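The file data29.txt contains compact mmCIF, C-alpha atoms and all ligand atoms:
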```txt
# COMPACT_ATOMS: atom_id res chain seq x y z
CA MET A 195 9.87 42.97 68.08
CA SER A 196 12.41 43.07 65.18
CA LYS A 197 10.99 43.54 61.70
CA VAL A 198 12.42 41.93 58.56
CA LEU A 199 11.39 42.47 54.94
CA ILE A 200 11.89 39.51 52.62
CA VAL A 201 11.89 40.48 48.93
CA TYR A 202 11.92 37.94 46.11
CA GLY A 203 12.01 37.79 42.33
CA THR A 204 10.53 34.81 40.52
CA LYS A 205 9.51 33.68 37.06
CA THR A 206 7.62 30.52 38.02
CA GLY A 207 6.75 30.93 41.70
CA CYS A 208 9.65 28.70 42.79
CA THR A 209 11.54 31.43 44.67
CA LYS A 210 8.31 32.72 46.23
CA GLY A 211 8.01 29.36 48.03
CA VAL A 212 11.58 29.70 49.33
CA ALA A 213 10.95 33.30 50.48
CA GLU A 214 7.81 32.20 52.33
CA GLU A 215 9.72 29.44 54.11
CA ILE A 216 12.34 31.98 55.22
CA GLY A 217 9.54 34.21 56.51
CA LYS A 218 7.88 31.31 58.34
CA THR A 219 11.14 30.34 60.05
CA MET A 220 11.96 33.92 61.10
CA THR A 221 8.43 34.41 62.43
CA ALA A 222 8.75 31.22 64.48
CA LEU A 223 11.96 32.66 65.96
CA GLY A 224 10.11 35.78 67.10
CA ALA A 225 10.68 38.30 64.28
CA THR A 226 7.92 40.05 62.36
CA ALA A 227 8.47 39.04 58.72
CA ASP A 228 6.83 40.57 55.66
CA VAL A 229 7.30 38.73 52.35
CA VAL A 230 6.83 40.70 49.12
CA ALA A 231 7.69 40.43 45.42
CA ALA A 232 10.29 42.87 44.08
CA VAL A 233 7.64 44.20 41.70
CA ASP A 234 5.26 45.06 44.60
CA GLU A 235 4.98 48.62 45.92
CA VAL A 236 6.61 48.53 49.34
CA ASP A 237 7.68 51.10 51.91
CA VAL A 238 11.11 50.06 53.21
CA ALA A 239 11.00 52.37 56.25
CA GLY A 240 11.04 50.82 59.71
CA TYR A 241 12.68 47.47 58.92
CA ASP A 242 15.57 46.20 61.07
CA ALA A 243 16.87 43.84 58.37
CA PHE A 244 16.30 42.73 54.78
CA VAL A 245 16.53 39.40 52.98
CA VAL A 246 16.56 39.65 49.19
CA GLY A 247 16.55 36.70 46.79
CA SER A 248 15.93 35.64 43.23
CA GLY A 249 15.70 32.78 40.78
CA VAL A 250 18.32 32.70 38.04
CA ARG A 251 18.45 32.96 34.27
CA ALA A 252 21.82 32.49 32.56
CA GLY A 253 23.89 33.12 35.66
CA SER A 254 22.12 36.25 36.78
CA TRP A 255 19.28 37.29 39.12
CA HIS A 256 16.03 38.46 37.54
CA GLY A 257 16.01 42.10 36.42
CA SER A 258 13.19 43.09 38.81
CA VAL A 259 15.25 42.13 41.88
CA LYS A 260 18.47 43.70 40.62
CA LYS A 261 16.51 46.90 40.00
CA TRP A 262 14.97 46.73 43.50
CA VAL A 263 18.40 46.32 45.12
CA ALA A 264 19.83 49.21 43.07
CA GLU A 265 16.90 51.49 43.91
CA ASN A 266 17.08 50.68 47.62
CA ALA A 267 20.87 50.40 47.90
CA GLU A 268 21.26 53.25 50.39
CA THR A 269 18.76 51.62 52.78
CA LEU A 270 20.27 48.15 52.30
CA LYS A 271 23.75 49.51 53.07
CA SER A 272 22.54 51.00 56.34
CA VAL A 273 20.67 47.94 57.67
CA PRO A 274 21.84 44.27 57.87
CA THR A 275 20.93 42.53 54.62
CA ALA A 276 21.20 38.94 53.44
CA PHE A 277 20.82 37.58 49.91
CA PHE A 278 19.66 34.19 48.65
CA THR A 279 19.73 32.55 45.24
CA THR A 280 17.40 29.78 44.07
CA CYS A 281 18.59 27.89 41.00
CA LEU A 282 18.86 24.56 39.28
CA THR A 283 22.60 24.12 39.75
CA MET A 284 22.21 23.86 43.54
CA GLY A 285 19.78 20.95 42.94
CA THR A 286 21.78 19.09 40.31
CA GLU A 287 25.43 20.06 40.93
CA PRO A 288 25.71 21.40 44.50
CA GLU A 289 29.50 21.15 44.26
CA LYS A 290 29.25 24.22 42.03
CA ALA A 291 28.17 26.39 44.99
CA PRO A 292 31.12 28.81 44.49
CA GLU A 293 29.94 29.44 40.92
CA VAL A 294 26.36 30.06 42.13
CA ARG A 295 27.65 32.39 44.84
CA SER A 296 29.34 34.43 42.11
CA TYR A 297 25.97 35.04 40.36
CA THR A 298 25.54 38.08 42.66
CA ASP A 299 29.12 39.38 42.46
CA LYS A 300 28.33 42.06 39.86
CA LEU A 301 25.23 43.25 41.72
CA ILE A 302 27.26 43.56 44.93
CA GLU A 303 30.02 45.42 43.11
CA ASP A 304 27.64 47.74 41.24
CA THR A 305 25.46 48.66 44.24
CA GLY A 306 27.92 48.44 47.14
CA VAL A 307 25.36 46.41 49.11
CA ARG A 308 27.33 43.86 51.15
CA PRO A 309 25.15 40.94 52.30
CA VAL A 310 25.98 39.39 55.68
CA ASP A 311 25.42 36.01 54.01
CA ILE A 312 24.20 34.51 50.73
CA GLY A 313 21.89 31.47 50.96
CA LEU A 314 22.25 29.10 48.00
CA PHE A 315 19.19 26.94 47.37
CA ALA A 316 18.05 24.31 44.92
CA GLY A 317 15.24 25.37 42.60
CA MET A 318 13.29 23.45 40.01
CA ASN A 319 13.01 22.43 36.39
CA ASP A 320 9.30 22.09 35.70
CA PRO A 321 8.89 22.28 31.90
CA SER A 322 5.18 23.10 32.29
CA ALA A 323 6.20 26.36 34.03
CA PHE A 324 8.54 27.48 31.23
CA ASN A 325 7.87 28.88 27.76
CA LEU A 326 9.14 27.09 24.66
CA PRO A 327 12.52 28.88 24.30
CA GLU A 328 13.19 28.29 28.01
CA ARG A 329 12.28 24.61 27.70
CA LEU A 330 14.63 24.30 24.73
CA VAL A 331 17.52 25.85 26.68
CA LEU A 332 17.07 23.38 29.53
CA LYS A 333 16.64 20.47 27.13
CA ALA A 334 19.82 21.47 25.27
CA ILE A 335 21.84 21.34 28.48
CA LYS A 336 20.10 18.07 29.46
CA ALA A 337 18.93 19.54 32.77
CA PRO A 338 17.18 16.94 34.95
CA GLN A 339 13.50 17.62 35.59
CA GLY A 340 12.01 17.98 39.05
CA ASP A 341 11.39 20.22 42.03
CA PHE A 342 14.63 20.13 44.01
CA ARG A 343 13.64 22.64 46.70
CA ASP A 344 14.85 21.51 50.12
CA TYR A 345 12.78 23.33 52.71
CA GLU A 346 14.77 21.87 55.60
CA ALA A 347 17.93 23.44 54.17
CA VAL A 348 16.10 26.74 53.69
CA ALA A 349 14.84 26.66 57.30
CA ALA A 350 18.32 25.80 58.64
CA TRP A 351 19.89 28.74 56.77
CA SER A 352 17.05 31.06 57.85
CA GLN A 353 17.65 30.15 61.48
CA GLU A 354 21.39 30.84 61.17
CA VAL A 355 20.97 34.11 59.28
CA THR A 356 18.36 35.40 61.74
CA GLY A 357 21.19 35.70 64.26
CA LYS A 358 23.59 37.24 61.74
CA LEU A 359 20.97 39.87 60.90
CA GLY A 360 20.65 40.70 64.60
CA LEU A 361 16.93 39.89 64.60
CA VAL A 362 16.98 37.82 67.78
C1 LIG B 401 16.27 29.89 30.34
C2 LIG B 401 16.72 29.44 31.70
C3 LIG B 401 18.01 29.73 32.13
C4 LIG B 401 18.45 29.28 33.40
N1 LIG B 401 19.72 29.54 33.79
C5 LIG B 401 20.18 29.03 34.96
C6 LIG B 401 21.54 29.21 35.35
O1 LIG B 401 22.32 29.88 34.69
N2 LIG B 401 21.95 28.62 36.50
C7 LIG B 401 21.12 27.87 37.27
O2 LIG B 401 21.56 27.31 38.26
N3 LIG B 401 19.80 27.73 36.97
C8 LIG B 401 19.32 28.28 35.82
N4 LIG B 401 18.00 28.13 35.48
C9 LIG B 401 17.10 27.42 36.41
C10 LIG B 401 16.28 28.38 37.28
O3 LIG B 401 17.10 29.24 38.04
C11 LIG B 401 15.38 27.56 38.19
O4 LIG B 401 14.36 27.01 37.39
C12 LIG B 401 14.79 28.33 39.36
O5 LIG B 401 14.04 27.40 40.14
C13 LIG B 401 13.91 29.47 38.88
O6 LIG B 401 13.32 30.13 39.95
P1 LIG B 401 12.11 31.15 39.70
O7 LIG B 401 11.08 30.44 38.86
O8 LIG B 401 11.60 31.45 41.07
O9 LIG B 401 12.66 32.34 39.01
C14 LIG B 401 17.54 28.58 34.25
C15 LIG B 401 16.23 28.33 33.80
C16 LIG B 401 15.81 28.74 32.55
C17 LIG B 401 14.40 28.46 32.12
```

Any chance you could give the structure as structure tokens?
Amino acid sequence: MSKVLIVYGTKTGCTKGVAEEIGKTMTALGATADVVAAVDEVDVAGYDAFVVGSGVRAGSWHGSVKKWVAENAETLKSVPTAFFTTCLTMGTEPEKAPEVRSYTDKLIEDTGVRPVDIGLFAGMNDPSAFNLPERLVLKAIKAPQGDFRDYEAVAAWSQEVTGKLGLV
């Protein structure tokens, strides 16, 4: 059975939920999926594919995930890898998908890891999950509040990318 490692970076737990949904969908399709945080100790040996994703701060993935990709770049270049980004823009202004896609351009350029696809997903703006400076940033840009995660969209992408990763 094909094995996939799903690695996520999160500040509030939002992206963990998305990563778990990807894992659930891939498991249902017959893959063995492990879901871990980028800060967890994990042995990358023996996986047939990787899915790596992060929440966003100021147009960039969280440092822990960028570091994980850089540290494991040689492995990720040798095995099919997909990325996904969870952010507010995809919930409030989905027409800005090209801008969200570009959030990972520098990481791709710096590491040479070329994802087979990049999933773009709506995240959340839950003020109770943010600290005061973060709340002020989102208030200043008048960001709508709510949990905009669309698990059906996540499952649909997961199904599609399972094939692209050669898992089934
Ligand atoms: C200070 C701050 C900056 C943010 N910057 C962006 C941004 O540049 N683009 C965007 O789409 N979302 C942005 N967001 C929204 C987060 O990406 C969103 O809340 C996401 O769900 C976070 O996922 P996580 O908690 O799993 O890291 C920002 C949120 C905060 C608090």

Report as a tab-separated table the residues of chain A within 9 Å of ligand LIG 401 (chain B), each with its shortest atom pair and distance in Å (one decimal), using only C-alpha atoms and all ligand atoms, ordered by chain and increasing residue number.
```
residue	atom	partner	partner_atom	distance
A:Tyr202	CA	B:LIG401	O8	8.2
A:Gly203	CA	B:LIG401	O9	6.4
A:Thr204	CA	B:LIG401	O8	3.6
A:Lys205	CA	B:LIG401	O9	3.9
A:Thr206	CA	B:LIG401	O7	3.6
A:Gly207	CA	B:LIG401	O8	4.9
A:Cys208	CA	B:LIG401	O8	3.8
A:Thr209	CA	B:LIG401	O8	3.6
A:Lys210	CA	B:LIG401	O8	6.3
A:Gly211	CA	B:LIG401	O8	8.1
A:Val212	CA	B:LIG401	O8	8.4
A:Ser248	CA	B:LIG401	O9	6.3
A:Gly249	CA	B:LIG401	O9	3.5
A:Val250	CA	B:LIG401	O3	3.7
A:Arg251	CA	B:LIG401	N1	3.7
A:Ala252	CA	B:LIG401	O1	3.4
A:Gly253	CA	B:LIG401	O1	3.7
A:Ser254	CA	B:LIG401	O1	6.7
A:Trp255	CA	B:LIG401	O9	8.3
A:His256	CA	B:LIG401	O9	7.1
A:Thr279	CA	B:LIG401	O3	8.3
A:Thr280	CA	B:LIG401	C12	5.6
A:Cys281	CA	B:LIG401	O3	3.6
A:Leu282	CA	B:LIG401	O2	4.0
A:Thr283	CA	B:LIG401	O2	3.7
A:Met284	CA	B:LIG401	O2	6.3
A:Gly285	CA	B:LIG401	O2	8.1
A:Thr286	CA	B:LIG401	O2	8.5
A:Glu287	CA	B:LIG401	O2	8.6
A:Val294	CA	B:LIG401	O2	6.8
A:Tyr297	CA	B:LIG401	O1	8.5
A:Phe315	CA	B:LIG401	O5	8.9
A:Ala316	CA	B:LIG401	O5	7.0
A:Gly317	CA	B:LIG401	O5	3.4
A:Met318	CA	B:LIG401	O5	4.0
A:Asn319	CA	B:LIG401	O4	4.9
A:Asp320	CA	B:LIG401	O4	7.3
A:Pro321	CA	B:LIG401	C17	8.3
A:Ala323	CA	B:LIG401	O7	8.0
A:Phe324	CA	B:LIG401	C17	6.0
A:Asn325	CA	B:LIG401	C17	7.9
A:Pro327	CA	B:LIG401	C1	7.2
A:Glu328	CA	B:LIG401	C1	4.2
A:Arg329	CA	B:LIG401	C17	6.2
A:Leu330	CA	B:LIG401	C1	8.1
A:Val331	CA	B:LIG401	C1	5.6
A:Leu332	CA	B:LIG401	C16	6.3
A:Ala337	CA	B:LIG401	C9	8.9
A:Asp341	CA	B:LIG401	O5	7.9
A:Phe342	CA	B:LIG401	O5	8.3
A:Arg343	CA	B:LIG401	O5	8.1
```

At a cut-off of 10 Å around the point (27.2, 44.8, 49.5) (file coordinates), what residues fall inside when counting all atoms listed in the file? I'd like the answer as a ChimeraX atom specification.
/A:263,267,270-271,274-277,298-299,301-310

Contacts between range 349-356 of chain A and range 200-228 of chain A, please, where a residue of range 200-228 of chain A counts if it comes within 9 Å (with all atoms listed in the file); show its shortest atom pair and distance in Å to one decimal, rows by chain and ascending number, as a tab-separated table.
```
residue	atom	partner	partner_atom	distance
A:Glu215	CA	A:Ala349	CA	6.6
A:Ile216	CA	A:Ser352	CA	5.5
A:Gly217	CA	A:Ser352	CA	8.3
A:Lys218	CA	A:Ala349	CA	8.4
A:Thr219	CA	A:Ala349	CA	5.9
A:Met220	CA	A:Thr356	CA	6.6
A:Leu223	CA	A:Gln353	CA	7.7
A:Ala225	CA	A:Thr356	CA	8.6
```

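From CA of Leu359 in chain A back to CA of Val259 in chain A, the distance works out to 20.0 Å.
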
Proximity to Glu265 in chain A - best of A:Val362, A:Ala222, A:Leu314, A:Val238, only C-alpha atoms
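Among A:Val362, A:Ala222, A:Leu314, A:Val238, it is A:Val238 that comes nearest to Glu265 in chain A.
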
One decimal, in Å: what's the spacing between CA of Thr226 in chain A and CA of Glu346 in chain A?
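Rounded to one decimal, the two atoms are 20.6 Å apart.
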
Could you jot down the CA of Tyr345 in chain A to CA of Phe278 in chain A separation for me, Å, one decimal place?
13.5 Å

Using all atoms listed in the file, which protein or nucleic acid residues come within 6 Å of Ala227 in chain A? Drop anything in the same chain fewer than 5 positions from it, and give the result as a PyMOL selection string.
chain A and resi 197-199+217+221

Selected residues, C-alpha atoms, written as a PDB file, keeping the file's coordinate frame, please.
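What landed in again.pdb:
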```pdb
ATOM      1  CA  LYS A 197      10.990  43.540  61.700  1.00  0.00           C
ATOM      2  CA  VAL A 198      12.420  41.930  58.560  1.00  0.00           C
ATOM      3  CA  LEU A 199      11.390  42.470  54.940  1.00  0.00           C
ATOM      4  CA  GLY A 217       9.540  34.210  56.510  1.00  0.00           C
ATOM      5  CA  THR A 221       8.430  34.410  62.430  1.00  0.00           C
TER       6      THR A 221
END
```

For Ala239 in chain A, list every protein, DNA or RNA residue within 12 Å, evaluated using all atoms listed in the file, and leave out those in the same chain fewer than 2 positions away; present the list as JSON, numbers by chain.
{"A": [197, 198, 199, 236, 237, 241, 242, 243, 244, 266, 268, 269, 270, 272, 273]}

Can I get the selected residues back with C-alpha atoms, as a CSV table (one decimal), in the coordinates of the input?
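In the end it all went to result30.csv:
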```
chain,number,residue,atom,x,y,z
A,197,LYS,CA,11.0,43.5,61.7
A,198,VAL,CA,12.4,41.9,58.6
A,199,LEU,CA,11.4,42.5,54.9
A,236,VAL,CA,6.6,48.5,49.3
A,237,ASP,CA,7.7,51.1,51.9
A,241,TYR,CA,12.7,47.5,58.9
A,242,ASP,CA,15.6,46.2,61.1
A,243,ALA,CA,16.9,43.8,58.4
A,244,PHE,CA,16.3,42.7,54.8
A,266,ASN,CA,17.1,50.7,47.6
A,268,GLU,CA,21.3,53.2,50.4
A,269,THR,CA,18.8,51.6,52.8
A,270,LEU,CA,20.3,48.2,52.3
A,272,SER,CA,22.5,51.0,56.3
A,273,VAL,CA,20.7,47.9,57.7
```

So, with all atoms listed in the file as the atoms that count, which of A:Gly257, A:Pro288, A:Gly340, A:Gly224 lies closest to Gly357 in chain A?
A:Gly224
